[in-house]
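Enquirer: Following this message is one structure expressed as structure tokens.
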Amino acid sequence: MKNKWTALALLTTTQFVLILDSTIVGIALPLLGQDLRMGQEQLSWVHTAYSLVFGGLLLLGGRLSDFFGRRRVFVAGMLLFALASLLGGLASGGVLVVAMRAVQGMAAALVAPAALSLVMTIFDGDPDRDRAMGLWGAVGGVGASTGVVLGGVLTDWLGWRSVFYVNVPVGVVVAVLALSLLPQVAPSGARGFDVLGAVTSTAGLGLLMYAVVESSLPLGGLAVVVLALFLVVESRSKNPLMPLSIFRKPLLRAGNAIMFLVAAAAQPLFVILTLYTQYVLGYSATEAGLSVVAISIAIALTASTVGGRFVSRFGIRATAVTGMALITAGAVAYLRITPTSTFLGALLAPELLTGIGFGLLVVAVTIAATAEATPEEAGLASGLFNVTPQVGISIGVAALVSLATTVSGPNPSPEALTSGYQAAIMASAGIGVVGLLAAIVMLPRRAPKGTAARPTAGTRA
């Protein structure tokens, strides 16, 4: 494909916006709640509705892109995302804002797996595939932290509605450009659609994420039952939504398992740091967002410049192990925080360690989770890989913030708050150790030849 880098730029920009949108609204919540007279419980759903629907529908979105065509689903999803953002910005009540955040999540669940599977198709058999995956990983890693910064700036300058309106022109322009810049990949040709699988997978994932958000053990048990039913349905379906044979691929299993662990370990650190800098160090919303910029820069530079080269030279396993070790070391280094710490004295060095580690790791696990997928499985593999971090983030943030709150106690002092954040950081480091062990045990010393950029049969970009 002649314009492969232009197409990649369009797709990575889209991924950046989708990940950014999971955090950009968070900074605007106080002003949004004040303007629309929403209580704390209602406000929490402005954030939760997006991640809940996004995570719950990702697997279905990936299969739809295989079934109806990736570019077609991508364009439809972007237009829906723009429309929901417009209506969210125009909302005069909290119910409509929450509903539009849910529709944004639905649109994102269509776009994200279609975008990654298009990247896989465009660079199928291409020696630049590792580099492309590095850029993709950089954008995904930077999006969440950039959302915190951009949300603060937009809210301070233009008001809370601007965090919705900013998506409208992006969605429309990307949809129009996609028609000329992205390849028209033919649908997989599968006959029939697994309706029961779609229902049980969406219900199971949605219930699981809702149970974590609400800290509900009964709902968690129900989610496990529904997901077990989903597996039974898939084992018997003629046209399964998620063929269970895909889990026979060792690199795919390892990539998703490690991504789940790093998402559960690293993403909560963004939340903990913004809480610590605001409630203990007294930073403003914008200052708190800017305080994590070092992580974004480290992720972007590492993943886009050396991540792919590191994989090509040293292999997936060595890259993943190195990245996970740096993330874990960064988490341990955060334990030095005190009620009187400074950014330069306690935060900058750990942020650089964490960012560099994530930049290396995300390239390795993205390649691992998608390298063995056939062209017909590209949407499914990318949908599954998008589901993994969403579930990991939801579980990690809910568990670690709850731990910090429990340790801090009611009406906590700055010292008590710091103790709570340190407990959460220690738990994050523990998850990092598990992720490090998973990378050592699950990834082969030498990946099968050609996994990074192998020629495969099927439609060419």
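Each chain in the structure tokens gets a letter, A, B and so on, in the order shown; residues start at 1 in every chain, and ligands are counted from 1 in the order they appear.
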Report as a PyMOL selection string all protein, DNA and RNA residues lying within 6 Å of stretch 265-282 of chain A, evaluated on only C-alpha atoms, omitting residues in the same chain fewer than 6 positions from it.

Expert: chain A and resi 288+339+397+414+428+431-432

Enquirer: Create the file for the chosen residues now, containing N, CA and C atoms and written as a JSON list (two decimals), in the first residue's frame.

Expert:
```
[["chain", "number", "residue", "atom", "x", "y", "z"],
["A", 288, "ALA", "N", -2.11, 19.15, 38.22],
["A", 288, "ALA", "CA", -2.09, 17.70, 38.44],
["A", 288, "ALA", "C", -1.96, 16.96, 37.11],
["A", 339, "PRO", "N", 3.95, 13.67, 52.54],
["A", 339, "PRO", "CA", 3.07, 14.84, 52.45],
["A", 339, "PRO", "C", 3.80, 16.11, 52.02],
["A", 397, "VAL", "N", -8.12, -0.06, 38.82],
["A", 397, "VAL", "CA", -8.48, 1.24, 39.40],
["A", 397, "VAL", "C", -9.44, 1.08, 40.56],
["A", 414, "PRO", "N", -3.41, 14.71, 55.60],
["A", 414, "PRO", "CA", -2.46, 14.49, 54.50],
["A", 414, "PRO", "C", -1.58, 13.27, 54.73],
["A", 428, "SER", "N", 0.14, -2.11, 43.43],
["A", 428, "SER", "CA", 0.47, -2.00, 42.02],
["A", 428, "SER", "C", 1.80, -2.66, 41.71],
["A", 431, "ILE", "N", 1.35, -6.41, 41.59],
["A", 431, "ILE", "CA", 0.79, -6.86, 40.31],
["A", 431, "ILE", "C", 1.87, -6.83, 39.23],
["A", 432, "GLY", "N", 2.75, -5.83, 39.31],
["A", 432, "GLY", "CA", 3.85, -5.74, 38.37],
["A", 432, "GLY", "C", 4.78, -6.94, 38.45]]
```

Enquirer: Might you pull out every residue within 9 Å of A:Gln184, with only C-alpha atoms counted and same-chain residues fewer than 5 positions away left off, and present them as a PyMOL selection string?

Expert: chain A and resi 69-72+179+461

Enquirer: Can you pull out the residues contacting A:Thr14? Cut-off 10 Å, using only C-alpha atoms, and skip same-chain residues under 3 positions away; I want them as a PDB file with N, CA, C and O atoms, in the first residue's frame.

Expert:
```pdb
ATOM      1  N   LEU A   8      -1.709   4.852   8.602  1.00  0.00           N
ATOM      2  CA  LEU A   8      -1.369   4.587  10.003  1.00  0.00           C
ATOM      3  C   LEU A   8      -1.557   5.834  10.856  1.00  0.00           C
ATOM      4  O   LEU A   8      -2.047   5.755  11.985  1.00  0.00           O
ATOM      5  N   ALA A   9      -1.178   7.001  10.323  1.00  0.00           N
ATOM      6  CA  ALA A   9      -1.355   8.246  11.068  1.00  0.00           C
ATOM      7  C   ALA A   9      -2.830   8.488  11.387  1.00  0.00           C
ATOM      8  O   ALA A   9      -3.183   8.903  12.501  1.00  0.00           O
ATOM      9  N   LEU A  10      -3.694   8.212  10.408  1.00  0.00           N
ATOM     10  CA  LEU A  10      -5.130   8.383  10.627  1.00  0.00           C
ATOM     11  C   LEU A  10      -5.638   7.423  11.701  1.00  0.00           C
ATOM     12  O   LEU A  10      -6.394   7.811  12.604  1.00  0.00           O
ATOM     13  N   LEU A  11      -5.207   6.176  11.626  1.00  0.00           N
ATOM     14  CA  LEU A  11      -5.684   5.163  12.571  1.00  0.00           C
ATOM     15  C   LEU A  11      -5.146   5.408  13.980  1.00  0.00           C
ATOM     16  O   LEU A  11      -5.868   5.239  14.959  1.00  0.00           O
ATOM     17  N   VAL A  17      -7.627   9.410  20.271  1.00  0.00           N
ATOM     18  CA  VAL A  17      -8.857  10.083  20.698  1.00  0.00           C
ATOM     19  C   VAL A  17      -9.714   9.166  21.562  1.00  0.00           C
ATOM     20  O   VAL A  17     -10.269   9.586  22.581  1.00  0.00           O
ATOM     21  N   LEU A  18      -9.821   7.891  21.188  1.00  0.00           N
ATOM     22  CA  LEU A  18     -10.654   6.957  21.948  1.00  0.00           C
ATOM     23  C   LEU A  18     -10.100   6.723  23.351  1.00  0.00           C
ATOM     24  O   LEU A  18     -10.854   6.699  24.327  1.00  0.00           O
ATOM     25  N   ILE A  19      -8.787   6.534  23.463  1.00  0.00           N
ATOM     26  CA  ILE A  19      -8.179   6.326  24.773  1.00  0.00           C
ATOM     27  C   ILE A  19      -8.220   7.608  25.590  1.00  0.00           C
ATOM     28  O   ILE A  19      -8.518   7.604  26.790  1.00  0.00           O
ATOM     29  N   LEU A  20      -7.931   8.734  24.929  1.00  0.00           N
ATOM     30  CA  LEU A  20      -7.979  10.031  25.594  1.00  0.00           C
ATOM     31  C   LEU A  20      -9.360  10.290  26.187  1.00  0.00           C
ATOM     32  O   LEU A  20      -9.489  10.847  27.288  1.00  0.00           O
ATOM     33  N   PHE A  74     -15.543   0.937  10.806  1.00  0.00           N
ATOM     34  CA  PHE A  74     -14.733   2.044  11.310  1.00  0.00           C
ATOM     35  C   PHE A  74     -15.420   3.384  11.048  1.00  0.00           C
ATOM     36  O   PHE A  74     -15.552   4.223  11.950  1.00  0.00           O
ATOM     37  N   MET A  78     -17.039   6.016  13.845  1.00  0.00           N
ATOM     38  CA  MET A  78     -16.555   7.384  14.025  1.00  0.00           C
ATOM     39  C   MET A  78     -17.686   8.408  13.910  1.00  0.00           C
ATOM     40  O   MET A  78     -17.728   9.387  14.656  1.00  0.00           O
ATOM     41  N   ALA A 108     -16.898   3.635  20.300  1.00  0.00           N
ATOM     42  CA  ALA A 108     -15.488   3.295  20.482  1.00  0.00           C
ATOM     43  C   ALA A 108     -15.261   1.794  20.355  1.00  0.00           C
ATOM     44  O   ALA A 108     -14.228   1.345  19.833  1.00  0.00           O
ATOM     45  N   VAL A 111     -15.025   1.133  16.693  1.00  0.00           N
ATOM     46  CA  VAL A 111     -13.875   1.719  16.010  1.00  0.00           C
ATOM     47  C   VAL A 111     -12.557   1.055  16.397  1.00  0.00           C
ATOM     48  O   VAL A 111     -11.721   0.750  15.539  1.00  0.00           O
ATOM     49  N   ALA A 112     -12.335   0.834  17.704  1.00  0.00           N
ATOM     50  CA  ALA A 112     -11.019   0.393  18.180  1.00  0.00           C
ATOM     51  C   ALA A 112     -10.554  -0.928  17.557  1.00  0.00           C
ATOM     52  O   ALA A 112      -9.436  -0.991  17.018  1.00  0.00           O
ATOM     53  N   ALA A 115      -9.893  -0.488  13.819  1.00  0.00           N
ATOM     54  CA  ALA A 115      -8.672   0.274  13.541  1.00  0.00           C
ATOM     55  C   ALA A 115      -7.430  -0.593  13.669  1.00  0.00           C
ATOM     56  O   ALA A 115      -6.548  -0.585  12.798  1.00  0.00           O
ATOM     57  N   VAL A 139       0.828   5.595  20.970  1.00  0.00           N
ATOM     58  CA  VAL A 139      -0.397   6.404  21.006  1.00  0.00           C
ATOM     59  C   VAL A 139      -1.349   5.916  22.086  1.00  0.00           C
ATOM     60  O   VAL A 139      -1.922   6.708  22.839  1.00  0.00           O
ATOM     61  N   GLY A 140      -1.513   4.590  22.191  1.00  0.00           N
ATOM     62  CA  GLY A 140      -2.391   4.051  23.220  1.00  0.00           C
ATOM     63  C   GLY A 140      -1.913   4.385  24.610  1.00  0.00           C
ATOM     64  O   GLY A 140      -2.701   4.740  25.498  1.00  0.00           O
ATOM     65  N   VAL A 170     -13.194  16.055  14.894  1.00  0.00           N
ATOM     66  CA  VAL A 170     -12.256  14.934  14.726  1.00  0.00           C
ATOM     67  C   VAL A 170     -12.989  13.732  14.141  1.00  0.00           C
ATOM     68  O   VAL A 170     -12.524  13.099  13.181  1.00  0.00           O
ATOM     69  N   GLY A 171     -14.148  13.395  14.715  1.00  0.00           N
ATOM     70  CA  GLY A 171     -14.909  12.240  14.239  1.00  0.00           C
ATOM     71  C   GLY A 171     -15.339  12.367  12.796  1.00  0.00           C
ATOM     72  O   GLY A 171     -15.214  11.413  12.005  1.00  0.00           O
ATOM     73  N   VAL A 174     -12.131  12.384  10.356  1.00  0.00           N
ATOM     74  CA  VAL A 174     -11.539  11.043  10.271  1.00  0.00           C
ATOM     75  C   VAL A 174     -12.414  10.128   9.423  1.00  0.00           C
ATOM     76  O   VAL A 174     -11.907   9.358   8.592  1.00  0.00           O
ATOM     77  N   ALA A 175     -13.735  10.181   9.606  1.00  0.00           N
ATOM     78  CA  ALA A 175     -14.645   9.339   8.825  1.00  0.00           C
ATOM     79  C   ALA A 175     -14.540   9.637   7.333  1.00  0.00           C
ATOM     80  O   ALA A 175     -14.526   8.715   6.497  1.00  0.00           O
TER      81      ALA A 175
END
```

Enquirer: Please provide as a ChimeraX atom specification all residues within 6 Å of stretch 323-338 of chain A, with the sequence filter that same-chain residues fewer than 2 positions apart are discarded (counting only C-alpha atoms).

Expert: /A:320-321,340-341,346,350,353-354,357-358,360-361,422,429,432,436

Enquirer: Show which residues sit within 9 Å of A:Ala373, as a ChimeraX atom specification. Count only C-alpha atoms, and ignore same-chain residues fewer than 5 positions away.

Expert: /A:246,249,252,378,380-381

Enquirer: Produce a file of the selected residues containing C-alpha atoms, as a PDB file, in the first residue's frame.

Expert:
```
ATOM      1  CA  ILE A 246      -7.897 -18.824  18.967  1.00  0.00           C
ATOM      2  CA  LYS A 249      -2.085 -19.611  19.999  1.00  0.00           C
ATOM      3  CA  LEU A 252      -1.858 -14.497  21.770  1.00  0.00           C
ATOM      4  CA  ALA A 378      -7.715 -10.002  12.669  1.00  0.00           C
ATOM      5  CA  LEU A 380     -11.378 -10.925  16.624  1.00  0.00           C
ATOM      6  CA  ALA A 381      -7.751 -10.785  17.809  1.00  0.00           C
TER       7      ALA A 381
END
```

Enquirer: Find the residues near A:Ser65: any atom within 12 Å, counting only C-alpha atoms, skip ones fewer than 3 places away on the same chain, and give them as a ChimeraX atom specification.

Expert: /A:58-62,68-77,109-118,184-190,241,375-383

Enquirer: Which residues are close to A:Ile395, i.e. within 12 Å by only C-alpha atoms, leaving aside same-chain residues fewer than 5 positions away? Reply as number ranges by chain.

Expert: A: 51-52, 55, 205, 208-215, 220, 260-268, 388-390, 400-402, 428, 431

Enquirer: Hey, which of A:Pro30, A:Ser22, A:Met106, A:Thr48 ends up closest to A:Gly143? Count only C-alpha atoms.

Expert: A:Ser22

Enquirer: Enumerate, in order of chain and increasing residue number, the residues of stretch 328-398 of chain A with an atom no farther than 7 Å from stretch 130-136 of chain A, each with its shortest atom pair and distance in Å to one decimal, counting only C-alpha atoms, as JSON lines.

Expert:
```
{"residue": "A:Val363", "atom": "CA", "partner": "A:Gly134", "partner_atom": "CA", "distance": 4.9}
{"residue": "A:Thr366", "atom": "CA", "partner": "A:Met133", "partner_atom": "CA", "distance": 6.8}
{"residue": "A:Ile367", "atom": "CA", "partner": "A:Met133", "partner_atom": "CA", "distance": 6.7}
```

Enquirer: Would you mind telling me which residue in A:Leu207, A:Glu234, A:Phe314, A:Thr6 lies nearest to A:Gly221 when using only C-alpha atoms?

Expert: A:Leu207

Enquirer: With distances taken over only C-alpha atoms, which of A:Val176, A:Ala371, A:Leu227, A:Ala298 is nearest to A:Gly125?

Expert: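 When distances to A:Gly125 are compared using only C-alpha atoms, the smallest one comes from A:Ala371.
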